[in-house]
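Asker: Input structure: my_file.cif, which contains mmCIF, C-alpha atoms.
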```
data_target
loop_
_atom_site.label_atom_id
_atom_site.label_comp_id
_atom_site.auth_asym_id
_atom_site.auth_seq_id
_atom_site.Cartn_x
_atom_site.Cartn_y
_atom_site.Cartn_z
CA MET O 1 0.00 0.00 0.00
CA VAL O 2 2.80 2.36 0.91
CA GLN O 3 4.62 1.42 -2.30
CA SER O 4 1.57 2.28 -4.41
CA LEU O 5 1.39 5.64 -2.61
CA VAL O 6 5.03 6.19 -3.52
CA SER O 7 4.38 5.22 -7.16
CA TRP O 8 1.41 7.56 -7.33
CA THR O 9 3.42 10.37 -5.72
CA LEU O 10 6.21 9.95 -8.26
CA SER O 11 3.75 9.62 -11.16
CA THR O 12 2.24 13.04 -10.47
CA GLY O 13 5.52 14.65 -11.47
CA ILE O 14 5.01 17.32 -8.81
CA GLY O 15 8.33 16.45 -7.21
CA ASP O 16 10.15 16.98 -10.53
CA VAL O 17 8.57 20.41 -10.91
CA VAL O 18 9.58 21.39 -7.35
CA HIS O 19 13.02 19.91 -7.92
CA SER O 20 13.52 22.04 -11.05
CA TYR O 21 13.57 25.10 -8.80
CA THR O 22 16.91 24.69 -7.02
CA TRP O 23 15.90 26.74 -4.00
CA ALA O 24 12.35 25.47 -3.51
CA PHE O 25 13.36 22.67 -1.15
CA PRO O 26 15.77 24.72 1.05
CA ILE O 27 13.23 27.57 1.26
CA GLY O 28 10.59 25.01 2.19
CA GLU O 29 12.86 23.78 4.98
CA ALA O 30 13.39 27.31 6.29
CA LEU O 31 9.61 27.87 6.29
CA HIS O 32 9.15 24.50 8.04
CA PHE O 33 11.47 25.71 10.84
CA MET O 34 9.65 29.03 11.14
CA GLY O 35 6.32 27.21 11.25
CA LEU O 36 7.54 24.96 14.04
CA CYS O 37 8.66 27.98 16.07
CA LEU O 38 5.20 29.54 15.74
CA LEU O 39 3.45 26.29 16.60
CA VAL O 40 5.61 25.15 19.48
CA GLY O 41 6.02 28.70 20.81
CA THR O 42 2.33 29.54 21.10
CA VAL O 43 1.12 26.06 22.07
CA GLY O 44 4.03 25.79 24.49
CA MET O 45 3.01 29.08 26.12
CA VAL O 46 -0.48 27.75 26.75
CA ASP O 47 0.89 24.42 28.03
CA LEU O 48 3.34 26.17 30.37
CA ARG O 49 0.54 28.38 31.74
CA MET O 50 -1.45 25.26 32.66
CA LEU O 51 1.65 23.85 34.33
CA GLY O 52 2.02 27.01 36.42
CA VAL O 53 4.48 29.20 34.47
CA ALA O 54 3.30 32.84 34.07
CA LYS O 55 0.32 31.82 36.15
CA LYS O 56 -1.02 35.36 36.45
CA LEU O 57 -2.09 35.21 32.81
CA PRO O 58 -5.84 34.70 32.27
CA PHE O 59 -6.24 31.63 30.08
CA ALA O 60 -8.83 32.61 27.45
CA PRO O 61 -6.98 35.60 25.92
CA LEU O 62 -3.69 33.67 26.05
CA HIS O 63 -5.34 30.88 24.10
CA GLN O 64 -6.02 33.32 21.22
CA LEU O 65 -2.31 33.17 20.40
CA VAL O 66 -2.81 29.52 19.41
CA ASN O 67 -4.30 30.84 16.13
CA PHE O 68 -0.73 31.65 15.10
CA GLY O 69 0.27 28.11 16.06
CA ILE O 70 -2.50 26.73 13.85
CA ALA O 71 -1.17 28.89 10.99
CA GLY O 72 2.29 27.43 11.71
CA PHE O 73 0.83 23.91 11.64
CA PHE O 74 -0.70 24.44 8.19
CA LEU O 75 2.52 26.04 6.92
CA ASN O 76 4.31 22.88 8.05
CA LEU O 77 1.67 20.58 6.62
CA ALA O 78 2.13 22.34 3.26
CA THR O 79 5.94 22.32 3.32
CA GLY O 80 6.01 18.78 4.72
CA THR O 81 3.75 17.61 1.88
CA MET O 82 6.17 19.28 -0.54
CA PHE O 83 9.08 17.33 0.99
CA TRP O 84 7.09 14.11 0.52
CA PHE O 85 6.48 14.85 -3.17
CA VAL O 86 10.15 15.59 -3.77
CA GLN O 87 11.55 12.50 -2.01
CA PRO O 88 8.96 9.87 -1.06
CA THR O 89 11.49 7.05 -1.24
CA PHE O 90 13.73 8.82 1.29
CA TYR O 91 10.98 8.50 3.88
CA VAL O 92 9.65 5.07 2.88
CA ASP O 93 12.87 3.23 2.03
CA GLU O 94 15.59 4.96 4.05
CA TYR O 95 13.82 6.15 7.20
CA PRO O 96 10.48 4.29 7.38
CA ASN O 97 10.31 3.89 11.16
CA THR O 98 11.57 7.36 11.98
CA SER O 99 9.05 8.84 9.52
CA LEU O 100 6.20 6.74 10.92
CA LEU O 101 7.11 7.65 14.50
CA LYS O 102 7.04 11.34 13.58
CA LEU O 103 3.60 10.93 11.96
CA LEU O 104 2.39 8.88 14.92
CA PHE O 105 3.48 11.60 17.37
CA ILE O 106 1.67 14.23 15.25
CA VAL O 107 -1.50 12.11 15.33
CA LEU O 108 -1.11 11.66 19.11
CA ALA O 109 -0.70 15.43 19.51
CA GLY O 110 -3.99 15.79 17.61
CA VAL O 111 -5.66 13.21 19.85
CA ASN O 112 -4.29 15.10 22.87
CA VAL O 113 -5.94 18.33 21.63
CA LEU O 114 -9.18 16.41 21.07
CA VAL O 115 -9.07 15.00 24.61
CA PHE O 116 -8.42 18.53 25.91
CA ARG O 117 -11.41 19.92 23.97
CA LEU O 118 -13.70 17.13 25.16
CA THR O 119 -12.71 17.23 28.82
CA VAL O 120 -11.24 20.24 30.67
CA PHE O 121 -11.24 22.86 27.89
CA ARG O 122 -14.15 24.86 29.34
CA GLU O 123 -12.66 24.81 32.83
CA ALA O 124 -9.30 25.88 31.46
CA MET O 125 -10.81 28.72 29.43
CA ALA O 126 -12.42 30.03 32.61
CA LEU O 127 -9.07 30.25 34.45
CA GLY O 128 -8.47 33.76 35.71
CA PRO O 129 -5.19 35.35 36.78
CA GLY O 130 -3.35 33.17 39.30
CA GLU O 131 -5.82 30.29 39.17
CA ASP O 132 -4.50 26.75 39.14
CA ALA O 133 -5.40 24.49 36.19
CA PRO O 134 -7.17 21.20 36.93
CA PRO O 135 -4.87 18.15 37.27
CA LEU O 136 -6.09 16.62 34.00
CA ALA O 137 -5.24 19.89 32.19
CA LYS O 138 -1.71 19.64 33.59
CA VAL O 139 -1.35 16.06 32.35
CA ILE O 140 -2.58 17.13 28.90
CA ALA O 141 -0.20 20.13 28.89
CA GLY O 142 2.78 17.97 29.86
CA THR O 143 1.83 15.39 27.22
CA SER O 144 1.63 18.16 24.61
CA ILE O 145 5.13 19.43 25.39
CA VAL O 146 6.62 15.92 25.34
CA LEU O 147 4.89 15.10 22.03
CA TRP O 148 5.92 18.31 20.24
CA LEU O 149 9.52 17.95 21.40
CA GLY O 150 9.31 14.32 20.27
CA ILE O 151 8.05 15.45 16.85
CA ILE O 152 11.03 17.83 16.54
CA TRP O 153 13.32 14.99 17.64
CA MET O 154 11.96 12.59 15.00
CA GLY O 155 12.05 15.28 12.34
CA ARG O 156 15.70 15.93 13.03
CA MET O 157 16.56 12.21 13.13
CA LEU O 158 15.47 11.91 9.49
CA MET O 159 18.84 11.87 7.67
CA TYR O 160 20.68 10.49 10.71
CA ILE O 161 18.93 7.72 12.62
CA GLU O 162 16.50 5.02 11.50
CA TYR O 163 14.68 3.48 14.45
CA MET F 1 41.28 31.20 11.46
CA ASP F 2 42.76 28.33 9.42
CA GLN F 3 44.97 27.45 12.37
CA LEU F 4 41.97 27.43 14.68
CA ILE F 5 40.07 25.17 12.28
CA ASN F 6 43.04 22.80 12.06
CA TRP F 7 43.43 22.76 15.81
CA ILE F 8 39.74 21.90 16.28
CA THR F 9 39.84 19.28 13.51
CA GLN F 10 42.77 17.51 15.19
CA SER F 11 41.25 17.61 18.65
CA GLY F 12 39.96 14.49 20.31
CA ILE F 13 36.58 16.04 20.99
CA HIS F 14 36.11 16.78 17.26
CA ARG F 15 36.89 13.18 16.38
CA TRP F 16 34.59 11.93 19.11
CA ILE F 17 31.67 14.02 17.77
CA ALA F 18 32.37 13.61 14.07
CA GLU F 19 33.13 9.88 14.11
CA SER F 20 30.51 8.57 16.48
CA PRO F 21 28.03 6.50 14.47
CA PHE F 22 25.39 6.69 17.19
CA TRP F 23 22.55 9.05 18.06
CA PHE F 24 24.88 10.58 20.59
CA PRO F 25 26.40 13.12 20.38
CA TYR F 26 25.81 14.63 16.90
CA PRO F 27 22.14 13.84 16.13
CA PHE F 28 21.37 14.50 19.81
CA MET F 29 22.96 17.96 19.62
CA ILE F 30 21.25 18.87 16.38
CA ALA F 31 17.85 17.79 17.74
CA LEU F 32 18.39 19.73 20.96
CA HIS F 33 19.44 22.76 18.89
CA SER F 34 16.04 22.66 17.12
CA MET F 35 14.20 22.30 20.43
CA GLY F 36 16.11 25.23 21.94
CA MET F 37 15.30 27.25 18.82
CA ALA F 38 11.59 26.47 19.13
CA THR F 39 11.76 27.56 22.77
CA ILE F 40 13.53 30.89 22.51
CA VAL F 41 12.29 31.92 19.05
CA GLY F 42 8.75 30.64 19.61
CA LEU F 43 8.25 32.28 23.00
CA SER F 44 9.98 35.52 21.98
CA VAL F 45 7.88 35.83 18.81
CA ALA F 46 4.69 35.09 20.76
CA VAL F 47 5.52 37.99 23.12
CA ASP F 48 6.25 40.15 20.04
CA LEU F 49 2.87 39.28 18.53
CA ARG F 50 1.14 40.34 21.73
CA ILE F 51 3.04 43.66 21.74
CA LEU F 52 2.01 44.18 18.09
CA GLY F 53 -1.64 43.89 19.11
CA ALA F 54 -2.57 40.21 18.84
CA ALA F 55 -4.65 38.86 21.75
CA SER F 56 -4.99 42.45 22.96
CA GLY F 57 -7.08 41.33 25.96
CA LEU F 58 -4.06 39.49 27.33
CA PRO F 59 -2.17 41.36 30.06
CA LEU F 60 1.49 41.73 29.13
CA ALA F 61 3.16 41.99 32.53
CA PRO F 62 2.76 38.30 33.56
CA MET F 63 4.33 37.21 30.24
CA ALA F 64 7.63 38.12 31.93
CA GLY F 65 7.30 34.63 33.46
CA TYR F 66 8.28 33.14 30.10
CA PHE F 67 11.67 34.85 29.97
CA PRO F 68 13.47 32.27 32.19
CA VAL F 69 12.21 29.54 29.83
CA MET F 70 13.60 31.53 26.88
CA TRP F 71 16.99 31.80 28.62
CA LEU F 72 16.90 28.01 29.14
CA GLY F 73 16.37 27.54 25.39
CA LEU F 74 19.20 29.98 24.72
CA ALA F 75 21.54 28.11 27.09
CA VAL F 76 20.75 24.79 25.38
CA ASN F 77 21.49 26.35 22.00
CA ALA F 78 24.70 28.04 23.12
CA ILE F 79 26.03 24.70 24.38
CA THR F 80 24.84 22.62 21.42
CA GLY F 81 25.95 25.41 19.07
CA VAL F 82 29.52 25.16 20.36
CA GLY F 83 29.31 21.38 19.92
CA LEU F 84 28.11 21.79 16.34
CA PHE F 85 31.02 24.17 15.63
CA ILE F 86 33.45 21.59 17.02
CA ASN F 87 31.87 19.00 14.73
CA SER F 88 32.09 21.28 11.67
CA PRO F 89 34.83 23.88 12.32
CA GLU F 90 34.71 24.94 8.66
CA LEU F 91 31.50 26.78 9.59
CA LEU F 92 33.80 29.42 11.12
CA VAL F 93 34.65 30.57 7.58
CA ASN F 94 31.12 30.15 6.19
CA TRP F 95 29.73 33.62 5.37
CA ASP F 96 26.16 32.44 5.80
CA MET F 97 26.99 31.30 9.34
CA TRP F 98 28.27 34.81 10.10
CA ILE F 99 25.05 36.30 8.74
CA LYS F 100 23.18 33.97 11.08
CA LEU F 101 25.33 34.99 14.05
CA ILE F 102 24.80 38.69 13.27
CA PHE F 103 21.02 38.17 13.06
CA LEU F 104 21.21 36.22 16.33
CA ALA F 105 23.13 39.02 18.07
CA LEU F 106 20.60 41.59 16.83
CA ALA F 107 17.68 39.38 17.93
CA LEU F 108 19.17 38.94 21.41
CA VAL F 109 19.91 42.65 21.85
CA THR F 110 16.33 43.40 20.75
CA LEU F 111 14.94 40.80 23.15
CA ARG F 112 16.95 42.24 26.05
CA THR F 113 15.73 45.73 25.12
CA ILE F 114 12.11 44.56 25.07
CA ARG F 115 12.66 42.87 28.43
CA ALA F 116 14.01 46.12 29.89
CA LYS F 117 11.72 48.67 28.25
CA VAL F 118 8.38 46.86 28.19
CA PHE F 119 8.72 44.60 31.23
CA GLY F 120 11.37 46.31 33.33
CA GLY F 121 9.70 49.59 34.27
CA SER F 122 6.16 50.54 35.15
CA ASN F 123 3.35 48.03 34.61
CA PRO F 124 2.82 47.82 30.82
CA ASP F 125 -0.87 47.09 31.33
CA LYS F 126 -1.46 50.40 33.15
CA GLY F 127 -0.88 53.10 30.59
CA PRO F 128 0.43 53.08 27.04
CA LEU F 129 3.35 50.93 25.90
CA PRO F 130 6.70 52.67 25.37
CA GLU F 131 6.43 54.36 21.98
CA ASN F 132 9.05 52.21 20.28
CA ALA F 133 7.67 48.92 21.69
CA ARG F 134 5.96 47.95 18.43
CA LEU F 135 9.04 48.80 16.41
CA LEU F 136 11.12 46.59 18.73
CA ALA F 137 8.60 43.74 18.45
CA GLY F 138 8.60 43.96 14.64
CA ALA F 139 12.40 44.07 14.58
CA SER F 140 12.53 41.06 16.91
CA ILE F 141 10.37 38.95 14.56
CA PHE F 142 12.48 40.06 11.58
CA PHE F 143 15.79 39.26 13.31
CA TRP F 144 14.56 35.85 14.51
CA ALA F 145 13.33 34.99 11.02
CA GLY F 146 16.75 35.97 9.68
CA THR F 147 18.47 33.82 12.30
CA VAL F 148 16.34 30.75 11.52
CA VAL F 149 16.56 31.10 7.73
CA ALA F 150 20.30 31.82 7.63
CA GLY F 151 20.87 28.99 10.12
CA ARG F 152 19.01 26.46 7.98
CA MET F 153 20.80 27.71 4.86
CA THR F 154 24.24 26.84 6.27
CA ALA F 155 23.48 23.36 4.87
CA TYR F 156 23.41 24.84 1.36
CA LEU F 157 25.25 28.16 1.36
CA GLY F 158 28.35 30.00 2.35
CA SER F 159 31.17 27.49 2.03
#
```
Can you present the structure in this file as structure tokens?

Answerer:
Amino acid sequence: MVQSLVSWTLSTGIGDVVHSYTWAFPIGEALHFMGLCLLVGTVGMVDLRMLGVAKKLPFAPLHQLVNFGIAGFFLNLATGTMFWFVQPTFYVDEYPNTSLLKLLFIVLAGVNVLVFRLTVFREAMALGPGEDAPPLAKVIAGTSIVLWLGIIWMGRMLMYIEY
Amino acid sequence: MDQLINWITQSGIHRWIAESPFWFPYPFMIALHSMGMATIVGLSVAVDLRILGAASGLPLAPMAGYFPVMWLGLAVNAITGVGLFINSPELLVNWDMWIKLIFLALALVTLRTIRAKVFGGSNPDKGPLPENARLLAGASIFFWAGTVVAGRMTAYLGS
């Protein structure tokens, strides 16, 4: 199944078009790094607040900054998709486990957000200056930080380490 | 400079970093360098966005609590950055690396200035922000973007 996805990816010719612009891939990488800063910076701020850092911040207005993180996520989805079209065999043949672990961590980060939304989101949004987040919110915040750092880890291991 | 590069290249620590086939130390350092970047650049830019008017209902003063976390990210990147130089001493004569370091210096000076001017004096939430606060925040985002882009480009440029 993965091999047919690779064949299809190569058959579109999109990768060849991208590849014909020498700087497209490096610029995509630079954008990918900027996107990760936006995403991890704003989401990390919210996570740290739940864990007790900068606790005098009211939660709801702080959470508005996550919109920039969502923009960063889509920037990285776009650039990441571009990387896939340029070199699908790099991910599938050379670093299959590392690539899958990175994708798995991204999915888990999504599940973590979903759990947050379905459980303590309303309570968290009501947190005023100095108020302590509920224990479950702290677990979710810690999980978020570990997962995003793990995603960066796996992303950087591509090229170096195959798990 | 050539002598310095030779001296580093012949050192035991260079050989240890450059010849280890394992995840430690080189991939470990490069991963930590990205995490430190996300920490200091991400948090600094988020503060800049607030100064520029995003999430305007958010009080600024308590955001000072994020600065120690930024300094932690900076410390991680200073240490791993030295390690990465020892691994690749030729970066010392890479012009793109020097552009990155200049952007980094400008970003850090701007960050320190924001820390002092916006957070160091009277409560920024009681009364208007210092008049150049927005200019500083815009400059901070620009300098960080320059640092990140030039840093990534060392893989392609400058040697």

Asker: Which residues are close to region 62-74 of chain F, i.e. within 7 Å by all atoms listed in the file, leaving aside same-chain residues fewer than 5 positions away? Reply as an MDAnalysis selection string.

Answerer: (chainID O and resid 53:54 56:57) or (chainID F and resid 36:37 39:40 43 119)

Asker: Out of F:Ile79, F:Ala150, F:Ala116, F:Ala31, which residue has the shortest atom-to-atom distance to chain O when counting all atoms listed in the file?

Answerer: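 The shortest atom-to-atom distance to chain O comes from F:Ala31.
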
Asker: Give me the result of the PyMOL selection byres ((chain F) within 9 of (chain O)) on this file, residue by residue, as JSON, numbers by chain.

Answerer: {"F": [22, 23, 27, 28, 30, 31, 32, 34, 35, 37, 38, 39, 40, 41, 42, 43, 44, 45, 46, 49, 50, 54, 55, 56, 57, 58, 59, 60, 61, 62, 63, 64, 65, 66, 145, 148, 149, 150, 151, 152, 153, 155, 156]}

Asker: Using all atoms listed in the file, pick whichever of F:Asp125, F:Glu90, F:Asp48, F:Glu19 has the shortest atom-to-atom distance to Ala137 (chain F).

Answerer: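 Among the listed residues, F:Asp48 lies closest to Ala137 (chain F).
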
Asker: Which is closest to Ile140 (chain O) among O:Thr81, O:Thr119, O:Ser4, O:Thr98, if we use only C-alpha atoms?

Answerer: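 The answer is O:Thr119, which sits nearest to Ile140 (chain O).
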
Asker: Find the residues near Val6 (chain O): any atom within 12 Å, counting all atoms listed in the file, skip ones fewer than 6 places away on the same chain, and give them as a list of chain:residue names.

Answerer: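 Near neighbours after the sequence-gap exclusion: O:Thr12, O:Gly13, O:Gly15, O:Trp84, O:Phe85, O:Val86, O:Gln87, O:Pro88, O:Thr89, O:Phe90, O:Tyr91, O:Val92, O:Asp93.
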
Asker: Please, what distance in Å, to one decimal, runs between CA of Ile14 (chain O) and CA of Asn76 (chain O)?

Answerer: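 For CA of Ile14 (chain O) relative to CA of Asn76 (chain O), the distance reads 17.8 Å.
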
Asker: Evaluate the PyMOL selection byres ((chain F and resi 10-13) around 12) against this structure - the residues, as a ChimeraX atom specification, please.

Answerer: /F:3-9,14-20,25-26,82-89

Asker: Pull C-alpha atoms from the residues just selected and write them as a CSV table (one decimal), in the frame of the given file.

Answerer:
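Written out: again.csv:
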```csv
chain,number,residue,atom,x,y,z
F,3,GLN,CA,45.0,27.4,12.4
F,4,LEU,CA,42.0,27.4,14.7
F,5,ILE,CA,40.1,25.2,12.3
F,6,ASN,CA,43.0,22.8,12.1
F,7,TRP,CA,43.4,22.8,15.8
F,8,ILE,CA,39.7,21.9,16.3
F,9,THR,CA,39.8,19.3,13.5
F,14,HIS,CA,36.1,16.8,17.3
F,15,ARG,CA,36.9,13.2,16.4
F,16,TRP,CA,34.6,11.9,19.1
F,17,ILE,CA,31.7,14.0,17.8
F,18,ALA,CA,32.4,13.6,14.1
F,19,GLU,CA,33.1,9.9,14.1
F,20,SER,CA,30.5,8.6,16.5
F,25,PRO,CA,26.4,13.1,20.4
F,26,TYR,CA,25.8,14.6,16.9
F,82,VAL,CA,29.5,25.2,20.4
F,83,GLY,CA,29.3,21.4,19.9
F,84,LEU,CA,28.1,21.8,16.3
F,85,PHE,CA,31.0,24.2,15.6
F,86,ILE,CA,33.4,21.6,17.0
F,87,ASN,CA,31.9,19.0,14.7
F,88,SER,CA,32.1,21.3,11.7
F,89,PRO,CA,34.8,23.9,12.3
```

Asker: Rounded to one decimal in Å, what is the spacing between CA of Gly80 (chain O) and CA of Ile145 (chain O)?

Answerer: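 Distance reported for this atom pair: 20.7 Å.
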
Asker: Which residues are close to Met97 (chain F), i.e. within 8 Å by all atoms listed in the file, leaving aside same-chain residues fewer than 4 positions away? Reply as a JSON list (two decimals) with C-alpha atoms, keeping the file's coordinate frame.

Answerer:
```json
[["chain", "number", "residue", "atom", "x", "y", "z"],
["F", 91, "LEU", "CA", 31.50, 26.78, 9.59],
["F", 92, "LEU", "CA", 33.80, 29.42, 11.12],
["F", 93, "VAL", "CA", 34.65, 30.57, 7.58],
["F", 101, "LEU", "CA", 25.33, 34.99, 14.05],
["F", 150, "ALA", "CA", 20.30, 31.82, 7.63],
["F", 151, "GLY", "CA", 20.87, 28.99, 10.12],
["F", 154, "THR", "CA", 24.24, 26.84, 6.27],
["F", 158, "GLY", "CA", 28.35, 30.00, 2.35]]
```

Asker: Determine the residue membership of the PyMOL selection byres ((chain O and resi 135) around 12) for the file above and supply it as a PyMOL selection string.

Answerer: chain O and resi 50-52+116+119-120+123-124+132-134+136-142

Asker: Taking 6 positions as the minimum chain separation for residues in the same chain, which residues sit within 12 Å of Ile102 (chain F) when counting only C-alpha atoms? Answer as a PyMOL selection string.

Answerer: chain F and resi 95-96+108-109+143-144+146-148+150-151

Asker: Could you check how far CA of Leu10 (chain O) sits from CA of Phe105 (chain O), in Å to one decimal?

Answerer: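 The value is 25.8 Å.
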